[in-house]
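Undergrad: Here you go, entry.tsv (TSV, C-alpha atoms and all ligand atoms):
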```tsv
chain	number	residue	atom	x	y	z
S	23	MET	CA	68.76	109.01	117.11
S	24	SER	CA	65.76	110.81	118.55
S	25	LEU	CA	64.28	109.85	121.89
S	26	ALA	CA	61.07	108.56	120.31
S	27	GLU	CA	62.87	106.48	117.70
S	28	GLY	CA	65.19	105.06	120.36
S	29	ILE	CA	62.38	104.08	122.71
S	30	ARG	CA	60.43	102.56	119.83
S	31	LYS	CA	63.37	100.53	118.46
S	32	HIS	CA	65.38	99.58	121.55
S	33	GLY	CA	63.53	100.64	124.69
S	34	PHE	CA	64.56	103.52	126.94
S	35	LYS	CA	67.44	101.86	128.79
S	36	LYS	CA	69.14	100.59	125.60
S	37	TRP	CA	68.64	103.99	123.94
S	38	TYR	CA	70.23	105.68	126.94
S	39	GLU	CA	73.16	103.24	126.91
S	40	ARG	CA	73.71	103.76	123.18
S	41	GLU	CA	73.62	107.56	123.54
S	42	LEU	CA	76.23	107.39	126.31
S	43	LEU	CA	78.48	105.09	124.29
S	44	GLN	CA	78.17	107.31	121.23
S	45	SER	CA	78.87	110.47	123.22
S	46	HIS	CA	81.96	108.97	124.87
S	47	ALA	CA	83.23	107.76	121.49
S	48	HIS	CA	83.12	111.42	120.42
S	49	MET	CA	85.03	112.37	123.56
S	50	VAL	CA	87.76	109.87	122.60
S	51	LEU	CA	87.81	111.36	119.10
S	52	ALA	CA	88.21	114.86	120.58
S	53	PHE	CA	91.07	113.63	122.77
S	54	LEU	CA	92.87	112.03	119.81
S	55	ALA	CA	92.41	115.21	117.81
S	56	VAL	CA	94.04	117.19	120.63
S	57	VAL	CA	96.97	114.74	120.57
S	58	GLY	CA	97.22	115.34	116.81
S	59	LEU	CA	97.11	119.09	117.38
S	60	PHE	CA	99.96	118.93	119.88
S	61	ALA	CA	101.92	116.74	117.46
S	62	ALA	CA	101.42	119.42	114.80
S	63	PHE	CA	102.72	122.06	117.25
S	64	GLU	CA	105.71	119.87	118.02
S	65	ALA	CA	106.46	119.25	114.36
S	66	ALA	CA	106.13	122.94	113.44
S	67	SER	CA	109.68	123.68	114.59
S	68	GLN	CA	111.15	120.84	112.55
S	69	PHE	CA	109.72	121.71	109.13
S	70	LYS	CA	111.80	124.25	107.18
S	71	GLY	CA	110.22	124.20	103.73
S	72	LEU	CA	107.13	126.26	102.96
S	73	ALA	CA	105.21	123.28	101.60
S	74	ASP	CA	105.93	121.22	104.72
S	75	GLN	CA	104.93	124.07	107.00
S	76	ALA	CA	101.72	124.61	105.02
S	77	PHE	CA	100.92	120.89	105.26
S	78	ASN	CA	101.62	120.93	109.00
S	79	LEU	CA	99.42	124.00	109.45
S	80	GLY	CA	96.63	122.29	107.51
S	81	ALA	CA	96.96	119.14	109.61
S	82	GLY	CA	96.86	121.23	112.80
S	83	LEU	CA	93.76	123.10	111.67
S	84	LEU	CA	92.09	119.84	110.67
S	85	CYS	CA	92.84	118.35	114.10
S	86	ALA	CA	91.49	121.47	115.81
S	87	ALA	CA	88.28	121.36	113.76
S	88	ILE	CA	87.77	117.64	114.41
S	89	GLY	CA	88.46	118.17	118.11
S	90	LEU	CA	85.94	120.98	118.42
S	91	TRP	CA	83.33	119.02	116.48
S	92	GLY	CA	83.92	115.92	118.63
S	93	LEU	CA	83.74	117.90	121.86
S	94	ARG	CA	80.54	119.66	120.78
S	95	ARG	CA	78.93	116.38	119.73
S	96	TYR	CA	80.05	114.70	122.98
S	97	LEU	CA	78.48	117.41	125.14
S	98	ARG	CA	75.31	117.52	123.06
S	99	LEU	CA	74.68	113.76	123.14
S	100	LEU	CA	75.57	113.52	126.83
S	101	SER	CA	73.30	116.39	127.88
S	102	LYS	CA	70.42	115.01	125.80
S	103	ALA	CA	70.79	111.54	127.33
S	104	GLU	CA	71.10	112.90	130.86
S	105	ALA	CA	68.12	115.21	130.44
S	106	ALA	CA	65.99	112.26	129.34
S	107	ALA	CA	67.36	110.02	132.10
S	108	HIS	CA	66.31	112.53	134.76
S	109	GLN	CA	62.73	112.28	133.50
S	110	ALA	CA	62.62	108.50	133.21
S	111	ASP	CA	61.34	107.85	136.74
S	112	CYS	CA	57.64	107.11	136.84
S	113	PRO	CA	56.05	109.96	138.86
S	114	HIS	CA	53.47	107.53	140.25
S	115	CYS	CA	55.41	104.42	141.31
S	116	GLY	CA	59.05	105.54	140.95
S	117	THR	CA	60.08	102.76	138.55
S	118	TYR	CA	63.07	103.81	136.48
S	119	GLY	CA	63.21	103.42	132.72
S	120	ARG	CA	60.45	100.87	132.22
S	121	LEU	CA	58.32	102.90	129.85
S	122	GLU	CA	56.65	102.63	126.49
S	123	LEU	CA	56.09	105.28	123.89
S	124	VAL	CA	52.54	106.61	123.53
S	125	ARG	CA	53.11	109.46	121.08
S	126	ALA	CA	55.82	111.81	119.88
S	127	ASP	CA	56.08	115.16	118.14
S	128	ALA	CA	57.63	115.59	114.69
S	129	SER	CA	61.17	116.01	116.03
S	130	GLY	CA	60.89	112.89	118.18
S	131	ASP	CA	62.37	114.63	121.22
S	132	GLU	CA	59.05	115.55	122.87
S	133	VAL	CA	57.28	112.33	123.84
S	134	GLU	CA	54.38	111.05	125.87
S	135	VAL	CA	55.28	107.82	127.64
S	136	ARG	CA	53.55	105.32	129.88
S	137	CYS	CA	54.96	103.27	132.74
S	138	ARG	CA	55.07	99.53	131.97
S	139	LYS	CA	54.55	98.70	135.64
S	140	CYS	CA	51.59	100.87	136.67
S	141	GLY	CA	50.35	102.42	133.40
S	142	HIS	CA	50.79	106.03	134.54
S	143	GLY	CA	51.52	108.45	131.67
S	144	TRP	CA	53.78	111.50	131.59
S	145	HIS	CA	55.65	113.85	129.26
S	146	MET	CA	59.39	113.69	128.53
S	147	SER	CA	61.61	115.96	126.47
S	148	ALA	CA	65.21	115.48	125.41
O	201	ZN	ZN	54.76	103.56	137.30
```
Could you write out this file's structure as structure tokens?

TA:
Amino acid sequence: MSLAEGIRKHGFKKWYERELLQSHAHMVLAFLAVVGLFAAFEAASQFKGLADQAFNLGAGLLCAAIGLWGLRRYLRLLSKAEAAAHQADCPHCGTYGRLELVRADASGDEVEVRCRKCGHGWHMSA
């Protein structure tokens, strides 16, 4: 979910929380995929038939691909959320995360926001 869509639907703090939960769910997926990859390594010595070894190799490659995808997605979501969080302090009054969306670009990751406490506006990018 883009920053603009998240602020519009849920508010900044809820968007940030959801991005962190989603990113850590991908980290758990990457961890489980690594466990599956090690299980495939462990099972490789026990399979003697060609079909079983081919299946085990396929399962190992699938686990590796899922693990890399999960790790990449985890880091991407986490860095996006953290980048936005570091810009969520109002430059005028210092209030954190109490902002409303003024306008956004087409991607939704470049936004103009306004502080709900003092009305000061600033630019954020995720
Ligand atoms: Zn303010």

Undergrad: Of the candidates S:His142, S:His46, S:Arg40, S:Lys31, which one gets nearest to Pro113 of chain S if we count all atoms listed in the file?

TA: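 Once distances to Pro113 of chain S are computed over all atoms listed in the file, the minimum belongs to S:His142.
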
Undergrad: Could you check which residues have any atom within 10 Å of (86.4, 118.8, 120.9), counting only C-alpha atoms with coordinates taken straight from the file, and then list them as a VMD selection string?

TA: chain S and resid 48 to 56 85 to 97

Undergrad: Quick one: everything within 8 Å of Val124 of chain S, counting only C-alpha atoms, minus sequence neighbours fewer than 6 positions away in the same chain. Send it as a VMD selection string.

TA: chain S and resid 133 to 136

Undergrad: Which residues are near ligand ZN 201 (chain O) - at most 7 Å, using only C-alpha atoms and all ligand atoms? Format: as a list in words.

TA: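 Using only C-alpha atoms and all ligand atoms, I find these residues within 7 Å of ligand ZN 201 (chain O): Cys112, Pro113, His114, Cys115, Gly116, Thr117, Cys137, Arg138, Lys139, Cys140, Gly141 and His142 of chain S.
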
Undergrad: Please identify all polymer residues within 7 Å of Ala148 of chain S, counting all atoms listed in the file, omitting same-chain residues fewer than 2 positions from it, and present them as a list in words.

TA: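 Here the qualifying residues turn out to be Leu25, Lys102, Ala105, Ala106, Asp131, Glu132 and Met146 of chain S.
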
Undergrad: Here is a test: counting only C-alpha atoms, which residue of S:Gly33, S:Ala47, S:Val57, S:Ala65 is nearest to Ala110 of chain S?

TA: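 For Ala110 of chain S, the nearest of the given residues is S:Gly33.
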
Undergrad: Work out how far atom CA of Gln44 of chain S is from atom CA of Leu121 of chain S, in Å to one decimal.

TA: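 Between atom CA of Leu121 of chain S and atom CA of Gln44 of chain S the gap is 22.1 Å.
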
Undergrad: What does the distance between atom CA of Arg98 of chain S and atom CA of Met23 of chain S come to in Å, to one decimal place?

TA: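 Those two atoms sit 12.3 Å apart.
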
Undergrad: Interatomic distance between atom CA of Glu122 of chain S and atom CA of Glu41 of chain S?

TA: 17.9 Å

Undergrad: Using only C-alpha atoms, which residue out of S:Ala103, S:Ser147, S:Ala126, S:Tyr118 lies closest to Glu39 of chain S?

TA: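 Of S:Ala103, S:Ser147, S:Ala126, S:Tyr118, the one nearest Glu39 of chain S is S:Ala103, counting only C-alpha atoms.
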